[in-house]
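Trainee: Got input_18.pdb for you, PDB, C-alpha atoms, pLDDT in the B column:
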ATOM      1  CA  ALA A   1       3.369 201.056 130.064  1.00 92.00           C
ATOM      2  CA  VAL A   2       3.980 199.059 126.926  1.00 95.00           C
ATOM      3  CA  LYS A   3       7.716 199.730 127.232  1.00 91.00           C
ATOM      4  CA  ALA A   4       7.810 197.688 130.466  1.00 90.00           C
ATOM      5  CA  ASN A   5       7.413 194.470 128.470  1.00 93.00           C
ATOM      6  CA  PRO A   6       6.414 194.864 124.825  1.00 94.00           C
ATOM      7  CA  ARG A   7       6.439 191.173 123.889  1.00 96.00           C
ATOM      8  CA  ASP A   8       3.353 190.280 121.868  1.00 98.00           C
ATOM      9  CA  ALA A   9       2.485 187.420 124.240  1.00 98.00           C
ATOM     10  CA  VAL A  10       2.554 189.748 127.268  1.00 97.00           C
ATOM     11  CA  VAL A  11       0.589 192.507 125.552  1.00 97.00           C
ATOM     12  CA  SER A  12      -1.979 190.001 124.253  1.00 98.00           C
ATOM     13  CA  THR A  13      -2.470 188.530 127.735  1.00 98.00           C
ATOM     14  CA  LEU A  14      -2.950 191.999 129.216  1.00 97.00           C
ATOM     15  CA  ARG A  15      -5.353 192.854 126.374  1.00 98.00           C
ATOM     16  CA  ASP A  16      -7.410 189.757 127.144  1.00 98.00           C
ATOM     17  CA  LEU A  17      -7.501 190.710 130.847  1.00 98.00           C
ATOM     18  CA  GLY A  18      -9.005 194.103 129.969  1.00 97.00           C
ATOM     19  CA  SER A  19      -5.920 196.216 130.624  1.00 97.00           C
ATOM     20  CA  ARG A  20      -5.372 199.737 129.410  1.00 96.00           C
ATOM     21  CA  PHE A  21      -2.075 200.791 127.893  1.00 97.00           C
ATOM     22  CA  ASP A  22       0.252 203.754 128.226  1.00 96.00           C
ATOM     23  CA  VAL A  23       1.912 204.223 124.838  1.00 97.00           C
ATOM     24  CA  ALA A  24       5.107 206.218 124.393  1.00 95.00           C
ATOM     25  CA  ALA A  25       5.959 205.784 120.698  1.00 96.00           C
ATOM     26  CA  ARG A  26       4.456 205.108 117.273  1.00 97.00           C
ATOM     27  CA  TYR A  27       5.814 201.564 117.079  1.00 97.00           C
ATOM     28  CA  GLU A  28       4.063 200.728 120.375  1.00 98.00           C
ATOM     29  CA  LEU A  29       0.780 202.139 119.052  1.00 98.00           C
ATOM     30  CA  ASP A  30       1.134 200.185 115.822  1.00 98.00           C
ATOM     31  CA  GLN A  31       1.876 197.000 117.790  1.00 98.00           C
ATOM     32  CA  LEU A  32      -1.221 197.414 119.966  1.00 98.00           C
ATOM     33  CA  LEU A  33      -3.447 198.094 116.974  1.00 98.00           C
ATOM     34  CA  ARG A  34      -1.979 195.057 115.198  1.00 98.00           C
ATOM     35  CA  LEU A  35      -2.824 192.972 118.274  1.00 98.00           C
ATOM     36  CA  GLY A  36      -6.423 194.208 118.275  1.00 98.00           C
ATOM     37  CA  VAL A  37      -6.292 196.627 121.205  1.00 98.00           C
ATOM     38  CA  SER A  38      -8.854 199.374 120.663  1.00 98.00           C
ATOM     39  CA  ALA A  39      -7.756 203.002 120.748  1.00 98.00           C
ATOM     40  CA  ASP A  40     -10.067 203.790 123.683  1.00 98.00           C
ATOM     41  CA  ARG A  41      -7.872 201.557 125.865  1.00 98.00           C
ATOM     42  CA  MET A  42      -4.729 203.610 125.165  1.00 98.00           C
ATOM     43  CA  SER A  43      -3.191 206.918 126.128  1.00 98.00           C
ATOM     44  CA  PHE A  44      -0.243 208.747 124.609  1.00 98.00           C
ATOM     45  CA  GLY A  45       1.667 208.980 127.870  1.00 93.00           C
ATOM     46  CA  ASN A  46       4.897 210.474 126.593  1.00 91.00           C
ATOM     47  CA  THR A  47       5.154 214.121 127.641  1.00 89.00           C
ATOM     48  CA  ILE A  48       7.938 214.770 125.131  1.00 90.00           C
ATOM     49  CA  LYS A  49       6.330 214.354 121.736  1.00 94.00           C
ATOM     50  CA  LYS A  50       6.356 215.949 118.314  1.00 97.00           C
ATOM     51  CA  ALA A  51       3.284 217.545 116.767  1.00 97.00           C
ATOM     52  CA  LYS A  52       3.442 215.049 113.883  1.00 98.00           C
ATOM     53  CA  ASP A  53       3.289 212.162 116.376  1.00 98.00           C
ATOM     54  CA  ILE A  54       0.280 213.709 118.134  1.00 98.00           C
ATOM     55  CA  ALA A  55      -1.431 213.936 114.736  1.00 98.00           C
ATOM     56  CA  TYR A  56      -0.559 210.292 113.977  1.00 98.00           C
ATOM     57  CA  PHE A  57      -1.973 209.092 117.314  1.00 98.00           C
ATOM     58  CA  TYR A  58      -5.115 211.172 116.814  1.00 98.00           C
ATOM     59  CA  GLU A  59      -5.581 209.753 113.303  1.00 98.00           C
ATOM     60  CA  LYS A  60      -5.404 206.265 114.833  1.00 98.00           C
ATOM     61  CA  GLY A  61      -8.145 207.128 117.352  1.00 98.00           C
ATOM     62  CA  ILE A  62      -6.214 208.073 120.498  1.00 98.00           C
ATOM     63  CA  ARG A  63      -8.086 210.704 122.525  1.00 98.00           C
ATOM     64  CA  LEU A  64      -6.148 210.732 125.829  1.00 98.00           C
ATOM     65  CA  TYR A  65      -2.793 212.530 126.104  1.00 98.00           C
ATOM     66  CA  ALA A  66      -0.295 213.248 128.891  1.00 97.00           C
ATOM     67  CA  THR A  67       1.254 216.699 129.059  1.00 97.00           C
ATOM     68  CA  ASP A  68       3.474 218.868 131.223  1.00 96.00           C
ATOM     69  CA  SER A  69       4.168 222.009 129.165  1.00 96.00           C
ATOM     70  CA  ALA A  70       2.350 224.881 127.470  1.00 98.00           C
ATOM     71  CA  THR A  71       3.873 224.087 124.075  1.00 97.00           C
ATOM     72  CA  ASP A  72       2.678 220.503 124.306  1.00 97.00           C
ATOM     73  CA  VAL A  73      -0.843 221.606 125.296  1.00 98.00           C
ATOM     74  CA  GLU A  74      -0.901 223.896 122.242  1.00 98.00           C
ATOM     75  CA  ASN A  75       0.296 221.060 119.994  1.00 98.00           C
ATOM     76  CA  ILE A  76      -2.351 218.692 121.370  1.00 98.00           C
ATOM     77  CA  ALA A  77      -5.081 221.314 120.878  1.00 98.00           C
ATOM     78  CA  ARG A  78      -3.999 221.844 117.277  1.00 98.00           C
ATOM     79  CA  GLU A  79      -3.314 218.201 116.289  1.00 98.00           C
ATOM     80  CA  ALA A  80      -5.840 216.366 118.504  1.00 98.00           C
ATOM     81  CA  PRO A  81      -8.745 218.789 118.977  1.00 98.00           C
ATOM     82  CA  GLY A  82     -11.231 218.056 121.741  1.00 98.00           C
ATOM     83  CA  SER A  83      -9.075 215.346 123.305  1.00 98.00           C
ATOM     84  CA  LYS A  84      -8.742 214.574 126.987  1.00 98.00           C
ATOM     85  CA  VAL A  85      -5.489 215.559 128.666  1.00 98.00           C
ATOM     86  CA  PHE A  86      -3.889 214.573 131.935  1.00 98.00           C
ATOM     87  CA  PHE A  87      -1.160 216.618 133.515  1.00 98.00           C
ATOM     88  CA  ARG A  88       2.056 215.193 134.902  1.00 94.00           C
ATOM     89  CA  ILE A  89       3.174 216.961 138.054  1.00 94.00           C
ATOM     90  CA  LEU A  90       6.790 217.263 139.092  1.00 86.00           C
ATOM     91  CA  MET A  91       7.847 215.184 142.074  1.00 75.00           C
ATOM     92  CA  GLU A  92      11.163 215.418 143.905  1.00 69.00           C
ATOM     93  CA  GLY A  93      11.727 211.660 143.902  1.00 57.00           C
ATOM     94  CA  LEU A  94      13.552 211.778 147.238  1.00 63.00           C
ATOM     95  CA  GLY A  95      14.301 208.249 148.420  1.00 58.00           C
ATOM     96  CA  ALA A  96      14.151 206.713 144.952  1.00 52.00           C
ATOM     97  CA  ASP A  97      17.040 204.931 143.258  1.00 63.00           C
ATOM     98  CA  TRP A  98      16.145 206.811 140.071  1.00 56.00           C
ATOM     99  CA  PRO A  99      14.278 210.029 140.995  1.00 55.00           C
ATOM    100  CA  LEU A 100      13.154 211.191 137.502  1.00 58.00           C
ATOM    101  CA  SER A 101      12.774 214.647 139.074  1.00 56.00           C
ATOM    102  CA  ARG A 102      14.574 216.549 136.331  1.00 59.00           C
ATOM    103  CA  LYS A 103      12.992 214.831 133.360  1.00 63.00           C
ATOM    104  CA  PHE A 104       9.188 214.944 133.563  1.00 79.00           C
ATOM    105  CA  GLY A 105       6.427 216.980 135.097  1.00 85.00           C
ATOM    106  CA  SER A 106       5.494 220.547 135.888  1.00 92.00           C
ATOM    107  CA  HIS A 107       5.324 222.349 139.208  1.00 93.00           C
ATOM    108  CA  PRO A 108       1.765 222.217 140.636  1.00 95.00           C
ATOM    109  CA  ASP A 109       1.332 225.976 140.060  1.00 97.00           C
ATOM    110  CA  GLU A 110       2.257 225.516 136.396  1.00 97.00           C
ATOM    111  CA  THR A 111      -0.035 222.481 136.239  1.00 98.00           C
ATOM    112  CA  ARG A 112      -2.934 224.714 137.307  1.00 98.00           C
ATOM    113  CA  ARG A 113      -2.097 227.157 134.503  1.00 98.00           C
ATOM    114  CA  LEU A 114      -1.908 224.267 132.018  1.00 98.00           C
ATOM    115  CA  ILE A 115      -5.332 222.975 133.086  1.00 98.00           C
ATOM    116  CA  LEU A 116      -6.884 226.374 132.370  1.00 98.00           C
ATOM    117  CA  LYS A 117      -4.982 226.732 129.094  1.00 98.00           C
ATOM    118  CA  ALA A 118      -6.150 223.298 127.948  1.00 98.00           C
ATOM    119  CA  LYS A 119      -9.756 224.164 128.740  1.00 98.00           C
ATOM    120  CA  ASP A 120      -9.444 227.492 126.914  1.00 98.00           C
ATOM    121  CA  LEU A 121      -8.057 225.670 123.853  1.00 98.00           C
ATOM    122  CA  GLY A 122     -10.989 223.249 123.708  1.00 98.00           C
ATOM    123  CA  LEU A 123      -9.338 220.259 125.349  1.00 98.00           C
ATOM    124  CA  GLU A 124     -10.884 218.335 128.245  1.00 98.00           C
ATOM    125  CA  PRO A 125      -8.747 218.485 131.410  1.00 98.00           C
ATOM    126  CA  TYR A 126      -9.098 214.889 132.578  1.00 98.00           C
ATOM    127  CA  GLY A 127      -6.626 214.021 135.310  1.00 98.00           C
ATOM    128  CA  ILE A 128      -3.290 214.225 137.059  1.00 98.00           C
ATOM    129  CA  SER A 129      -0.285 211.958 136.688  1.00 95.00           C
ATOM    130  CA  PHE A 130       2.837 211.594 138.806  1.00 88.00           C
ATOM    131  CA  HIS A 131       5.850 209.350 139.288  1.00 76.00           C
ATOM    132  CA  VAL A 132       7.509 209.234 142.698  1.00 66.00           C
ATOM    133  CA  GLY A 133      10.665 207.718 141.192  1.00 63.00           C
ATOM    134  CA  SER A 134      11.758 204.223 140.332  1.00 69.00           C
ATOM    135  CA  GLN A 135      12.490 201.919 143.255  1.00 71.00           C
ATOM    136  CA  GLN A 136      11.017 204.433 145.692  1.00 69.00           C
ATOM    137  CA  ARG A 137      12.022 203.550 149.253  1.00 73.00           C
ATOM    138  CA  ASP A 138      10.258 206.403 151.096  1.00 76.00           C
ATOM    139  CA  ILE A 139       6.545 205.637 151.403  1.00 79.00           C
ATOM    140  CA  GLY A 140       5.948 209.240 152.462  1.00 82.00           C
ATOM    141  CA  GLN A 141       6.589 210.330 148.877  1.00 82.00           C
ATOM    142  CA  TRP A 142       3.285 208.700 147.889  1.00 81.00           C
ATOM    143  CA  SER A 143       1.439 210.680 150.581  1.00 88.00           C
ATOM    144  CA  THR A 144       3.016 213.910 149.386  1.00 90.00           C
ATOM    145  CA  ALA A 145       2.083 213.163 145.767  1.00 90.00           C
ATOM    146  CA  LEU A 146      -1.503 212.211 146.580  1.00 95.00           C
ATOM    147  CA  ALA A 147      -1.986 215.278 148.774  1.00 96.00           C
ATOM    148  CA  THR A 148      -0.812 217.462 145.881  1.00 96.00           C
ATOM    149  CA  VAL A 149      -3.180 215.662 143.517  1.00 97.00           C
ATOM    150  CA  ALA A 150      -6.107 216.092 145.926  1.00 98.00           C
ATOM    151  CA  ASN A 151      -5.339 219.794 146.207  1.00 98.00           C
ATOM    152  CA  ILE A 152      -5.338 220.232 142.418  1.00 98.00           C
ATOM    153  CA  PHE A 153      -8.585 218.255 142.075  1.00 98.00           C
ATOM    154  CA  ALA A 154     -10.275 220.442 144.697  1.00 98.00           C
ATOM    155  CA  TRP A 155      -8.940 223.670 143.134  1.00 98.00           C
ATOM    156  CA  ALA A 156     -10.165 222.632 139.666  1.00 98.00           C
ATOM    157  CA  ARG A 157     -13.627 221.695 140.936  1.00 98.00           C
ATOM    158  CA  GLU A 158     -14.211 224.494 143.437  1.00 98.00           C
ATOM    159  CA  GLU A 159     -12.655 227.413 141.589  1.00 98.00           C
ATOM    160  CA  HIS A 160     -13.139 226.483 137.917  1.00 98.00           C
ATOM    161  CA  ASN A 161     -15.946 223.906 137.762  1.00 98.00           C
ATOM    162  CA  ILE A 162     -13.556 221.397 136.160  1.00 98.00           C
ATOM    163  CA  GLU A 163     -14.169 217.795 137.204  1.00 98.00           C
ATOM    164  CA  LEU A 164     -10.899 215.905 136.896  1.00 98.00           C
ATOM    165  CA  GLN A 165     -11.539 212.165 136.736  1.00 98.00           C
ATOM    166  CA  MET A 166      -8.244 210.276 136.690  1.00 97.00           C
ATOM    167  CA  VAL A 167      -5.135 209.748 138.781  1.00 96.00           C
ATOM    168  CA  ASN A 168      -2.255 207.994 137.060  1.00 92.00           C
TER     169      ASN A 168
END
Write out the structure in this file as structure tokens.

Mentor:
Amino acid sequence: AVKANPRDAVVSTLRDLGSRFDVAARYELDQLLRLGVSADRMSFGNTIKKAKDIAYFYEKGIRLYATDSATDVENIAREAPGSKVFFRILMEGLGADWPLSRKFGSHPDETRRLILKAKDLGLEPYGISFHVGSQQRDIGQWSTALATVANIFAWAREEHNIELQMVN
């Protein structure tokens, strides 16, 4: 996540080490492009984004987008046709100092509907994303999250012939 430490020196070091970057805003995208990071090493990881920002990212070459709502999937399909999408699932965040449970993600059942909607709209369902909460103190939350991810991967493959490829 560029927002974790956006200093040019840090970003440049990570670029030189071959890192990939989660971008949340236009100014972060512009910074990475200015520093010579190629678009194929970036994703638009913000699930709350405007259609005009999706179009801007697409124009700059970004082809990987996070999502957690039907409206966002529709906006991505319209403004970034054919792109890859990964779906952020809702986690409770129990045991975390900052759970993030009310801010991002969709229930796994809704995530399944979003995967099918994305495919129907010409997008490539690509992966699943989750956040167990900042400063998570309950290691079991990771097991719960990964079990949910594995279940969605199996459902997509076995019932819909969709091969998800990424866990974030």

Trainee: If we count all atoms listed in the file and set the cut-off at 6 Å, which residues sit around range 111-128 of chain A, ignoring sequence neighbours fewer than 5 positions away in its own chain? Please answer as a PDB file with C-alpha atoms, in the coordinates of the input.

Mentor:
ATOM      1  CA  GLY A  82     -11.231 218.056 121.741  1.00 98.00           C
ATOM      2  CA  SER A  83      -9.075 215.346 123.305  1.00 98.00           C
ATOM      3  CA  LYS A  84      -8.742 214.574 126.987  1.00 98.00           C
ATOM      4  CA  VAL A  85      -5.489 215.559 128.666  1.00 98.00           C
ATOM      5  CA  PHE A  86      -3.889 214.573 131.935  1.00 98.00           C
ATOM      6  CA  PHE A  87      -1.160 216.618 133.515  1.00 98.00           C
ATOM      7  CA  ARG A  88       2.056 215.193 134.902  1.00 94.00           C
ATOM      8  CA  SER A 106       5.494 220.547 135.888  1.00 92.00           C
ATOM      9  CA  LEU A 164     -10.899 215.905 136.896  1.00 98.00           C
ATOM     10  CA  GLN A 165     -11.539 212.165 136.736  1.00 98.00           C
ATOM     11  CA  MET A 166      -8.244 210.276 136.690  1.00 97.00           C
ATOM     12  CA  VAL A 167      -5.135 209.748 138.781  1.00 96.00           C
TER      13      VAL A 167
END

Trainee: As an exercise, work out the distance from CA of Ser143 in chain A to CA of Ala156 in chain A in Å and give it to one decimal place.

Mentor: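 The value is 19.9 Å.
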
Trainee: Mind telling me what the PyMOL selection byres ((chain A and resi 69) around 9) catches here, as a VMD selection string?

Mentor: chain A and resid 47 67 to 68 70 to 74 87 105 to 106 110 to 111 114

Trainee: Using all atoms listed in the file, can you tell me which of A:Pro6, A:Pro108, A:Pro81, A:Gly45 comes closest to Tyr27 in chain A?

Mentor: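 Ranking A:Pro6, A:Pro108, A:Pro81, A:Gly45 by distance to Tyr27 in chain A, first place goes to A:Pro6.
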
Trainee: Which value, in Å to one decimal, gives the distance between CA of Met42 in chain A and CA of Arg7 in chain A?

Mentor: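 For CA of Met42 in chain A relative to CA of Arg7 in chain A, the distance reads 16.8 Å.
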
Trainee: Could you check which of A:Asp109, A:Ala55, A:Gly36, A:Arg15 is closest to Asn151 in chain A, using all atoms listed in the file?

Mentor: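 Nearest to Asn151 in chain A: A:Asp109.
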
Trainee: For Leu146 in chain A, find every residue with an atom within 12 Å (counting all atoms listed in the file), except residues of its own chain fewer than 4 positions away, and show them as a list in words.

Mentor: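 With the cut-off at 12 Å, the set is Ile89, Met91, Ile128, Ser129, Phe130, His131, Val132, Ile139, Gly140, Gln141, Trp142, Ala150, Asn151, Ile152, Phe153, Val167 and Asn168 of chain A.
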
Trainee: Now that the selection is made, can you save its residues with C-alpha atoms as a JSON list (two decimals), in the coordinates of the input?

Mentor:
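To be explicit, this is the file written out as selection-v1.json:
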[["chain", "number", "residue", "atom", "x", "y", "z"],
["A", 89, "ILE", "CA", 3.17, 216.96, 138.05],
["A", 91, "MET", "CA", 7.85, 215.18, 142.07],
["A", 128, "ILE", "CA", -3.29, 214.22, 137.06],
["A", 129, "SER", "CA", -0.28, 211.96, 136.69],
["A", 130, "PHE", "CA", 2.84, 211.59, 138.81],
["A", 131, "HIS", "CA", 5.85, 209.35, 139.29],
["A", 132, "VAL", "CA", 7.51, 209.23, 142.70],
["A", 139, "ILE", "CA", 6.54, 205.64, 151.40],
["A", 140, "GLY", "CA", 5.95, 209.24, 152.46],
["A", 141, "GLN", "CA", 6.59, 210.33, 148.88],
["A", 142, "TRP", "CA", 3.28, 208.70, 147.89],
["A", 150, "ALA", "CA", -6.11, 216.09, 145.93],
["A", 151, "ASN", "CA", -5.34, 219.79, 146.21],
["A", 152, "ILE", "CA", -5.34, 220.23, 142.42],
["A", 153, "PHE", "CA", -8.59, 218.26, 142.07],
["A", 167, "VAL", "CA", -5.14, 209.75, 138.78],
["A", 168, "ASN", "CA", -2.26, 207.99, 137.06]]

Trainee: So which one's closest to Arg78 in chain A, A:Lys3, A:Ile162, A:Arg34, A:Lys50? Using all atoms listed in the file, please.

Mentor: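 Closest to Arg78 in chain A of all the choices is A:Lys50.
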
Trainee: Which one of A:Ser38, A:Thr13, A:Asn161, A:Asn46 sits closest to Lys60 in chain A if you count all atoms listed in the file?

Mentor: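 Looking at the shortest contact to Lys60 in chain A, the residue is A:Ser38.
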